[in-house]
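For reference, data10.pdb (PDB, C-alpha atoms):
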ATOM      1  CA  MET A   1      64.241 242.704 184.410
ATOM      2  CA  ALA A   2      66.862 243.372 187.092
ATOM      3  CA  PHE A   3      66.730 242.706 190.835
ATOM      4  CA  TYR A   4      65.383 239.191 190.258
ATOM      5  CA  PRO A   5      66.352 237.942 193.783
ATOM      6  CA  LEU A   6      64.289 240.806 195.211
ATOM      7  CA  GLN A   7      61.187 239.462 193.487
ATOM      8  CA  ILE A   8      61.823 235.922 194.726
ATOM      9  CA  ALA A   9      62.374 237.079 198.305
ATOM     10  CA  GLY A  10      59.200 239.192 198.262
ATOM     11  CA  LEU A  11      57.023 236.389 196.912
ATOM     12  CA  VAL A  12      58.486 233.776 199.262
ATOM     13  CA  LEU A  13      57.860 236.029 202.257
ATOM     14  CA  GLY A  14      54.377 236.738 200.916
ATOM     15  CA  PHE A  15      53.697 233.003 200.785
ATOM     16  CA  PHE A  16      54.851 232.615 204.387
ATOM     17  CA  GLY A  17      52.638 235.543 205.334
ATOM     18  CA  LEU A  18      49.679 233.829 203.651
ATOM     19  CA  VAL A  19      50.326 230.600 205.562
ATOM     20  CA  GLY A  20      50.757 232.501 208.822
ATOM     21  CA  SER A  21      47.525 234.464 208.302
ATOM     22  CA  LEU A  22      45.605 231.258 207.567
ATOM     23  CA  ALA A  23      47.078 229.535 210.621
ATOM     24  CA  THR A  24      46.268 232.539 212.806
ATOM     25  CA  THR A  25      42.671 232.455 211.583
ATOM     26  CA  LEU A  26      42.190 228.744 212.272
ATOM     27  CA  LEU A  27      44.121 228.241 215.509
ATOM     28  CA  PRO A  28      42.049 228.295 218.731
ATOM     29  CA  GLN A  29      44.836 229.763 220.905
ATOM     30  CA  TRP A  30      43.722 233.389 220.734
ATOM     31  CA  ARG A  31      42.715 233.516 224.400
ATOM     32  CA  VAL A  32      44.065 230.994 226.896
ATOM     33  CA  SER A  33      43.056 230.530 230.512
ATOM     34  CA  ALA A  34      45.101 232.420 233.094
ATOM     35  CA  PHE A  35      45.973 230.914 236.459
ATOM     36  CA  VAL A  36      46.566 233.697 238.944
ATOM     37  CA  GLY A  37      47.983 232.705 242.334
ATOM     38  CA  SER A  38      50.190 229.894 243.611
ATOM     39  CA  ASN A  39      47.517 227.914 245.497
ATOM     40  CA  ILE A  40      45.404 227.109 242.425
ATOM     41  CA  ILE A  41      45.348 223.490 241.319
ATOM     42  CA  VAL A  42      45.079 223.310 237.542
ATOM     43  CA  PHE A  43      42.414 220.812 236.444
ATOM     44  CA  GLU A  44      41.672 222.181 232.998
ATOM     45  CA  ARG A  45      43.014 224.574 230.425
ATOM     46  CA  VAL A  46      40.736 226.621 228.177
ATOM     47  CA  TRP A  47      41.538 227.843 224.676
ATOM     48  CA  GLU A  48      39.292 230.298 222.840
ATOM     49  CA  GLY A  49      39.636 231.076 219.143
ATOM     50  CA  LEU A  50      37.658 232.684 216.348
ATOM     51  CA  TRP A  51      35.774 229.538 215.390
ATOM     52  CA  MET A  52      35.904 227.189 218.397
ATOM     53  CA  ASN A  53      36.860 226.797 222.017
ATOM     54  CA  CYS A  54      38.855 223.874 223.385
ATOM     55  CA  ILE A  55      39.218 222.404 226.865
ATOM     56  CA  ARG A  56      42.034 220.144 228.015
ATOM     57  CA  GLN A  57      41.243 218.492 231.347
ATOM     58  CA  ALA A  58      43.532 216.452 233.550
ATOM     59  CA  ARG A  59      44.149 212.984 232.071
ATOM     60  CA  VAL A  60      41.649 213.727 229.293
ATOM     61  CA  ARG A  61      42.490 214.501 225.682
ATOM     62  CA  LEU A  62      41.744 217.842 224.097
ATOM     63  CA  GLN A  63      38.069 218.481 223.368
ATOM     64  CA  CYS A  64      37.033 221.223 220.940
ATOM     65  CA  LYS A  65      33.606 222.574 220.042
ATOM     66  CA  PHE A  66      32.592 225.039 217.341
ATOM     67  CA  TYR A  67      30.493 228.011 218.330
ATOM     68  CA  SER A  68      26.859 227.014 217.949
ATOM     69  CA  SER A  69      25.343 230.377 217.036
ATOM     70  CA  LEU A  70      26.746 233.089 214.804
ATOM     71  CA  LEU A  71      24.376 235.803 216.036
ATOM     72  CA  ALA A  72      25.185 235.135 219.702
ATOM     73  CA  LEU A  73      28.877 235.951 219.259
ATOM     74  CA  PRO A  74      30.252 239.258 220.584
ATOM     75  CA  PRO A  75      30.840 242.012 217.991
ATOM     76  CA  VAL A  76      34.596 241.887 218.558
ATOM     77  CA  LEU A  77      34.729 238.238 217.554
ATOM     78  CA  GLU A  78      32.561 238.787 214.479
ATOM     79  CA  ALA A  79      34.727 241.691 213.328
ATOM     80  CA  ALA A  80      37.895 239.670 213.896
ATOM     81  CA  ARG A  81      36.464 236.823 211.835
ATOM     82  CA  ALA A  82      35.587 239.123 208.948
ATOM     83  CA  LEU A  83      38.946 240.904 208.941
ATOM     84  CA  MET A  84      40.959 237.691 209.072
ATOM     85  CA  CYS A  85      38.958 236.107 206.245
ATOM     86  CA  VAL A  86      39.464 239.217 204.105
ATOM     87  CA  ALA A  87      43.181 239.141 204.942
ATOM     88  CA  VAL A  88      43.545 235.534 203.789
ATOM     89  CA  VAL A  89      41.736 236.252 200.508
ATOM     90  CA  LEU A  90      43.788 239.405 199.865
ATOM     91  CA  SER A  91      47.075 237.627 200.534
ATOM     92  CA  LEU A  92      46.105 234.868 198.096
ATOM     93  CA  ILE A  93      45.208 237.439 195.410
ATOM     94  CA  ALA A  94      48.445 239.317 196.052
ATOM     95  CA  LEU A  95      50.464 236.125 195.680
ATOM     96  CA  LEU A  96      48.766 235.232 192.378
ATOM     97  CA  ILE A  97      49.301 238.749 190.993
ATOM     98  CA  GLY A  98      52.939 238.632 192.038
ATOM     99  CA  ILE A  99      53.440 235.275 190.316
ATOM    100  CA  CYS A 100      51.918 236.690 187.119
ATOM    101  CA  GLY A 101      54.358 239.590 187.340
ATOM    102  CA  MET A 102      57.426 237.344 187.324
ATOM    103  CA  LYS A 103      59.692 237.508 184.289
ATOM    104  CA  GLN A 104      59.601 233.757 183.654
ATOM    105  CA  ILE A 105      55.793 233.565 183.773
ATOM    106  CA  GLN A 106      54.121 234.286 180.431
ATOM    107  CA  CYS A 107      50.511 234.353 181.624
ATOM    108  CA  THR A 108      49.784 238.002 180.821
ATOM    109  CA  GLY A 109      51.750 238.645 177.638
ATOM    110  CA  ALA A 110      52.870 241.991 179.067
ATOM    111  CA  ASN A 111      56.221 243.715 178.825
ATOM    112  CA  ASP A 112      58.679 244.333 181.637
ATOM    113  CA  ARG A 113      57.044 247.607 182.631
ATOM    114  CA  ALA A 114      53.612 246.008 183.023
ATOM    115  CA  LYS A 115      55.118 243.139 185.017
ATOM    116  CA  ALA A 116      56.806 245.641 187.313
ATOM    117  CA  TYR A 117      53.449 247.313 187.940
ATOM    118  CA  LEU A 118      51.928 243.906 188.719
ATOM    119  CA  LEU A 119      54.628 243.268 191.305
ATOM    120  CA  GLY A 120      54.022 246.728 192.776
ATOM    121  CA  THR A 121      50.305 245.996 193.034
ATOM    122  CA  SER A 122      51.129 242.718 194.749
ATOM    123  CA  GLY A 123      53.303 244.577 197.257
ATOM    124  CA  VAL A 124      50.514 247.042 198.065
ATOM    125  CA  LEU A 125      48.074 244.177 198.617
ATOM    126  CA  PHE A 126      50.522 242.420 200.941
ATOM    127  CA  ILE A 127      50.836 245.589 203.032
ATOM    128  CA  VAL A 128      47.042 245.981 203.164
ATOM    129  CA  THR A 129      46.806 242.331 204.220
ATOM    130  CA  GLY A 130      49.229 242.968 207.058
ATOM    131  CA  ILE A 131      47.050 245.852 208.252
ATOM    132  CA  PHE A 132      43.965 243.632 208.180
ATOM    133  CA  VAL A 133      45.778 241.007 210.267
ATOM    134  CA  LEU A 134      47.198 243.554 212.689
ATOM    135  CA  ILE A 135      43.844 245.154 213.574
ATOM    136  CA  PRO A 136      42.027 242.104 215.077
ATOM    137  CA  VAL A 137      45.193 240.766 216.724
ATOM    138  CA  CYS A 138      45.960 244.043 218.512
ATOM    139  CA  TRP A 139      42.284 244.573 219.322
ATOM    140  CA  THR A 140      42.003 241.152 220.963
ATOM    141  CA  ALA A 141      45.282 241.598 222.837
ATOM    142  CA  ASN A 142      44.099 244.960 224.185
ATOM    143  CA  ILE A 143      40.876 243.428 225.494
ATOM    144  CA  ILE A 144      42.744 240.534 227.136
ATOM    145  CA  ILE A 145      45.216 242.836 228.897
ATOM    146  CA  ARG A 146      42.441 245.210 229.998
ATOM    147  CA  ASP A 147      40.361 242.398 231.501
ATOM    148  CA  PHE A 148      43.410 240.803 233.131
ATOM    149  CA  TYR A 149      44.175 243.923 235.178
ATOM    150  CA  ASN A 150      40.526 244.701 235.860
ATOM    151  CA  PRO A 151      39.706 243.804 239.494
ATOM    152  CA  ALA A 152      36.010 243.509 238.673
ATOM    153  CA  VAL A 153      36.649 240.480 236.419
ATOM    154  CA  HIS A 154      36.595 237.133 238.215
ATOM    155  CA  VAL A 155      39.853 235.199 238.381
ATOM    156  CA  GLY A 156      38.364 232.253 236.513
ATOM    157  CA  GLN A 157      37.383 234.524 233.613
ATOM    158  CA  LYS A 158      40.781 236.148 233.150
ATOM    159  CA  ARG A 159      42.645 235.209 230.008
ATOM    160  CA  GLU A 160      46.186 235.506 228.706
ATOM    161  CA  LEU A 161      47.669 236.104 225.272
ATOM    162  CA  GLY A 162      47.622 232.941 223.192
ATOM    163  CA  ALA A 163      50.108 231.630 220.653
ATOM    164  CA  ALA A 164      47.849 232.631 217.734
ATOM    165  CA  LEU A 165      48.272 236.318 218.594
ATOM    166  CA  PHE A 166      52.064 236.079 218.487
ATOM    167  CA  LEU A 167      51.815 234.203 215.192
ATOM    168  CA  GLY A 168      49.585 236.995 213.886
ATOM    169  CA  TRP A 169      52.165 239.640 214.813
ATOM    170  CA  ALA A 170      54.912 237.638 213.126
ATOM    171  CA  SER A 171      52.777 237.183 210.005
ATOM    172  CA  THR A 172      52.115 240.926 209.922
ATOM    173  CA  ALA A 173      55.833 241.691 209.995
ATOM    174  CA  VAL A 174      56.504 239.170 207.219
ATOM    175  CA  LEU A 175      53.719 240.636 205.065
ATOM    176  CA  PHE A 176      55.037 244.173 205.547
ATOM    177  CA  ILE A 177      58.554 243.088 204.545
ATOM    178  CA  ALA A 178      57.240 241.232 201.490
ATOM    179  CA  GLY A 179      55.223 244.246 200.375
ATOM    180  CA  GLY A 180      58.173 246.576 200.914
ATOM    181  CA  LEU A 181      60.477 244.394 198.818
ATOM    182  CA  LEU A 182      58.035 244.218 195.916
ATOM    183  CA  LEU A 183      57.354 247.946 196.033
ATOM    184  CA  GLY A 184      61.083 248.631 196.165
ATOM    185  CA  PHE A 185      61.589 246.510 193.071
ATOM    186  CA  CYS A 186      58.840 248.424 191.239
ATOM    187  CA  CYS A 187      60.420 251.790 192.084
ATOM    188  CA  CYS A 188      63.918 250.642 191.095
ATOM    189  CA  ASN A 189      62.623 249.323 187.789
ATOM    190  CA  ARG A 190      60.931 252.651 187.003
ATOM    191  CA  LYS A 191      64.134 254.585 187.756
ATOM    192  CA  LYS A 192      66.104 252.240 185.526
ATOM    193  CA  GLN A 193      63.738 252.852 182.638
ATOM    194  CA  ARG A 194      64.045 256.633 183.097
ATOM    195  CA  PHE A 195      67.847 256.511 182.946
ATOM    196  CA  ARG A 196      67.689 254.234 179.920
ATOM    197  CA  TYR A 197      65.702 256.802 177.873
ATOM    198  CA  PRO A 198      66.803 260.230 179.151
ATOM    199  CA  THR A 199      65.715 262.306 176.100
ATOM    200  CA  PRO A 200      62.800 261.937 173.697
ATOM    201  CA  ALA A 201      63.498 260.678 170.163
ATOM    202  CA  TYR A 202      61.891 263.629 168.358
ATOM    203  CA  SER A 203      64.258 266.267 169.780
ATOM    204  CA  MET A 204      67.255 265.442 167.564
ATOM    205  CA  PRO A 205      65.644 266.042 164.161
ATOM    206  CA  HIS A 206      64.382 269.405 165.426
ATOM    207  CA  ARG A 207      67.964 270.582 166.056
ATOM    208  CA  ASP A 208      69.149 269.330 162.655
ATOM    209  CA  THR A 209      66.385 271.142 160.810
ATOM    210  CA  HIS A 210      67.186 274.326 162.703
ATOM    211  CA  ARG A 211      70.831 274.061 161.669
ATOM    212  CA  ASN A 212      69.889 273.407 158.032
ATOM    213  CA  THR A 213      67.669 276.476 157.930
ATOM    214  CA  ASN A 214      70.513 278.595 159.321
ATOM    215  CA  MET A 215      72.901 277.248 156.662
ATOM    216  CA  VAL A 216      70.412 278.001 153.872
ATOM    217  CA  SER A 217      69.885 281.551 155.123
ATOM    218  CA  LYS A 218      73.657 282.171 155.225
ATOM    219  CA  ASN A 219      74.113 280.876 151.680
ATOM    220  CA  THR A 220      71.365 283.108 150.337
ATOM    221  CA  THR A 221      72.825 286.179 151.990
ATOM    222  CA  SER A 222      76.293 285.443 150.558
ATOM    223  CA  TYR A 223      74.928 285.240 147.016
ATOM    224  CA  VAL A 224      73.152 288.536 147.408
TER     225      VAL A 224
END

Represent the supplied structure as structure tokens.
Amino acid sequence: MAFYPLQIAGLVLGFFGLVGSLATTLLPQWRVSAFVGSNIIVFERVWEGLWMNCIRQARVRLQCKFYSSLLALPPVLEAARALMCVAVVLSLIALLIGICGMKQIQCTGANDRAKAYLLGTSGVLFIVTGIFVLIPVCWTANIIIRDFYNPAVHVGQKRELGAALFLGWASTAVLFIAGGLLLGFCCCNRKKQRFRYPTPAYSMPHRDTHRNTNMVSKNTTSYV
């Protein structure tokens, strides 16, 4: 199976995308407190994530608290939780399928063509995972920017983009690249197999039999 470095690069990037998606899901820095104006004295900093919110006060260590009620959460937060959890599971499945599609792994007992299809399936799942990560990250960023420039929102309730959102965008890019590499390997492997067997095996005997019949007909006519 050719293009072996392409497989390794795709799976390594897929692993990094899995780690980045998991870190984005768990980190509380989705929404951070914004301090608008130069006369504001900062006494505390607020972080809001998918599972908890944290407060760092002056001369006090970081204090975090999980959300007490699941039903009291806003629909945006519930949807972001669901999408990120699905993304982590899909990236893990994609990584396992890609490992099974490696040439050195003999877990499926399949030939090179089947392994190429496994790597292609892994690439598709990585791309789908990137879409699942991109949706809640962009959705949350849109809400933060909209509320930041909304004059009706109080200054103390304005938030800025947190580090988890930027990590989510980076993880999405890595997942897209990993999926593209694995899909590219699958397509190149299929083209290689087509060029290896350009004509079917049953076509040659058909031509030979046609020539033999012509020779027999000529011999019979000469005797007559």

Q. For this file, the PyMOL selection byres ((chain A and resi 147) around 12) selects which residues, as a PyMOL selection string?
A. chain A and resi 31+34+140-146+148-161

Take the residues just selected and output them with C-alpha atoms as an mmCIF file, in the coordinates of the input.
data_model
loop_
_atom_site.group_PDB
_atom_site.id
_atom_site.type_symbol
_atom_site.label_atom_id
_atom_site.label_comp_id
_atom_site.auth_asym_id
_atom_site.auth_seq_id
_atom_site.Cartn_x
_atom_site.Cartn_y
_atom_site.Cartn_z
ATOM 1 C CA ARG A 31 42.715 233.516 224.400
ATOM 2 C CA ALA A 34 45.101 232.420 233.094
ATOM 3 C CA THR A 140 42.003 241.152 220.963
ATOM 4 C CA ALA A 141 45.282 241.598 222.837
ATOM 5 C CA ASN A 142 44.099 244.960 224.185
ATOM 6 C CA ILE A 143 40.876 243.428 225.494
ATOM 7 C CA ILE A 144 42.744 240.534 227.136
ATOM 8 C CA ILE A 145 45.216 242.836 228.897
ATOM 9 C CA ARG A 146 42.441 245.210 229.998
ATOM 10 C CA PHE A 148 43.410 240.803 233.131
ATOM 11 C CA TYR A 149 44.175 243.923 235.178
ATOM 12 C CA ASN A 150 40.526 244.701 235.860
ATOM 13 C CA PRO A 151 39.706 243.804 239.494
ATOM 14 C CA ALA A 152 36.010 243.509 238.673
ATOM 15 C CA VAL A 153 36.649 240.480 236.419
ATOM 16 C CA HIS A 154 36.595 237.133 238.215
ATOM 17 C CA VAL A 155 39.853 235.199 238.381
ATOM 18 C CA GLY A 156 38.364 232.253 236.513
ATOM 19 C CA GLN A 157 37.383 234.524 233.613
ATOM 20 C CA LYS A 158 40.781 236.148 233.150
ATOM 21 C CA ARG A 159 42.645 235.209 230.008
ATOM 22 C CA GLU A 160 46.186 235.506 228.706
ATOM 23 C CA LEU A 161 47.669 236.104 225.272
#

Please build the interface table for stretch 75-194 of chain A against stretch 8-17 of chain A with a cut-off of 6 Å, listing for each qualifying residue the nearest atom pair and the distance in Å to one decimal; count only C-alpha atoms, order rows by chain and increasing number, and write it as CSV.
residue,atom,partner,partner_atom,distance
A:Ser171,CA,A:Gly17,CA,5.0
A:Val174,CA,A:Gly17,CA,5.6
A:Leu175,CA,A:Gly17,CA,5.2
A:Ala178,CA,A:Gly10,CA,4.3
A:Leu181,CA,A:Gly10,CA,5.4
A:Leu182,CA,A:Gly10,CA,5.7

Sphere at (49.9, 241.4, 199.2), radius 10 Å, counting all atoms listed in the file: residues as a JSON list (two decimals) with C-alpha atoms, in the frame of the given file:
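part-v1.json written:
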[["chain", "number", "residue", "atom", "x", "y", "z"],
["A", 10, "GLY", "CA", 59.20, 239.19, 198.26],
["A", 11, "LEU", "CA", 57.02, 236.39, 196.91],
["A", 14, "GLY", "CA", 54.38, 236.74, 200.92],
["A", 15, "PHE", "CA", 53.70, 233.00, 200.78],
["A", 17, "GLY", "CA", 52.64, 235.54, 205.33],
["A", 18, "LEU", "CA", 49.68, 233.83, 203.65],
["A", 87, "ALA", "CA", 43.18, 239.14, 204.94],
["A", 88, "VAL", "CA", 43.54, 235.53, 203.79],
["A", 89, "VAL", "CA", 41.74, 236.25, 200.51],
["A", 90, "LEU", "CA", 43.79, 239.40, 199.86],
["A", 91, "SER", "CA", 47.08, 237.63, 200.53],
["A", 92, "LEU", "CA", 46.10, 234.87, 198.10],
["A", 93, "ILE", "CA", 45.21, 237.44, 195.41],
["A", 94, "ALA", "CA", 48.44, 239.32, 196.05],
["A", 95, "LEU", "CA", 50.46, 236.12, 195.68],
["A", 96, "LEU", "CA", 48.77, 235.23, 192.38],
["A", 97, "ILE", "CA", 49.30, 238.75, 190.99],
["A", 98, "GLY", "CA", 52.94, 238.63, 192.04],
["A", 119, "LEU", "CA", 54.63, 243.27, 191.30],
["A", 120, "GLY", "CA", 54.02, 246.73, 192.78],
["A", 121, "THR", "CA", 50.30, 246.00, 193.03],
["A", 122, "SER", "CA", 51.13, 242.72, 194.75],
["A", 123, "GLY", "CA", 53.30, 244.58, 197.26],
["A", 124, "VAL", "CA", 50.51, 247.04, 198.06],
["A", 125, "LEU", "CA", 48.07, 244.18, 198.62],
["A", 126, "PHE", "CA", 50.52, 242.42, 200.94],
["A", 127, "ILE", "CA", 50.84, 245.59, 203.03],
["A", 128, "VAL", "CA", 47.04, 245.98, 203.16],
["A", 129, "THR", "CA", 46.81, 242.33, 204.22],
["A", 130, "GLY", "CA", 49.23, 242.97, 207.06],
["A", 175, "LEU", "CA", 53.72, 240.64, 205.06],
["A", 176, "PHE", "CA", 55.04, 244.17, 205.55],
["A", 178, "ALA", "CA", 57.24, 241.23, 201.49],
["A", 179, "GLY", "CA", 55.22, 244.25, 200.38],
["A", 180, "GLY", "CA", 58.17, 246.58, 200.91],
["A", 182, "LEU", "CA", 58.04, 244.22, 195.92]]

Q: Taking the file as shown, find all residues satisfying the PyMOL selection byres ((chain A and resi 162) around 10) and write them as a ChimeraX atom specification.
A: /A:27-33,47-49,141,144,159-161,163-167

Q | Between atom CA of A:Gly20 and atom CA of A:Pro74, distance in Å (one decimal) | A | 24.6 Å

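In this model, the gap between atom CA of A:Thr24 and atom CA of A:Val46 comes to 17.4 Å.
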
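Of the listed residues A:Met52, A:Met102, A:Val133, A:Ala173, the one whose atoms come nearest to A:Phe185 is A:Met102, with distances taken using only C-alpha atoms.
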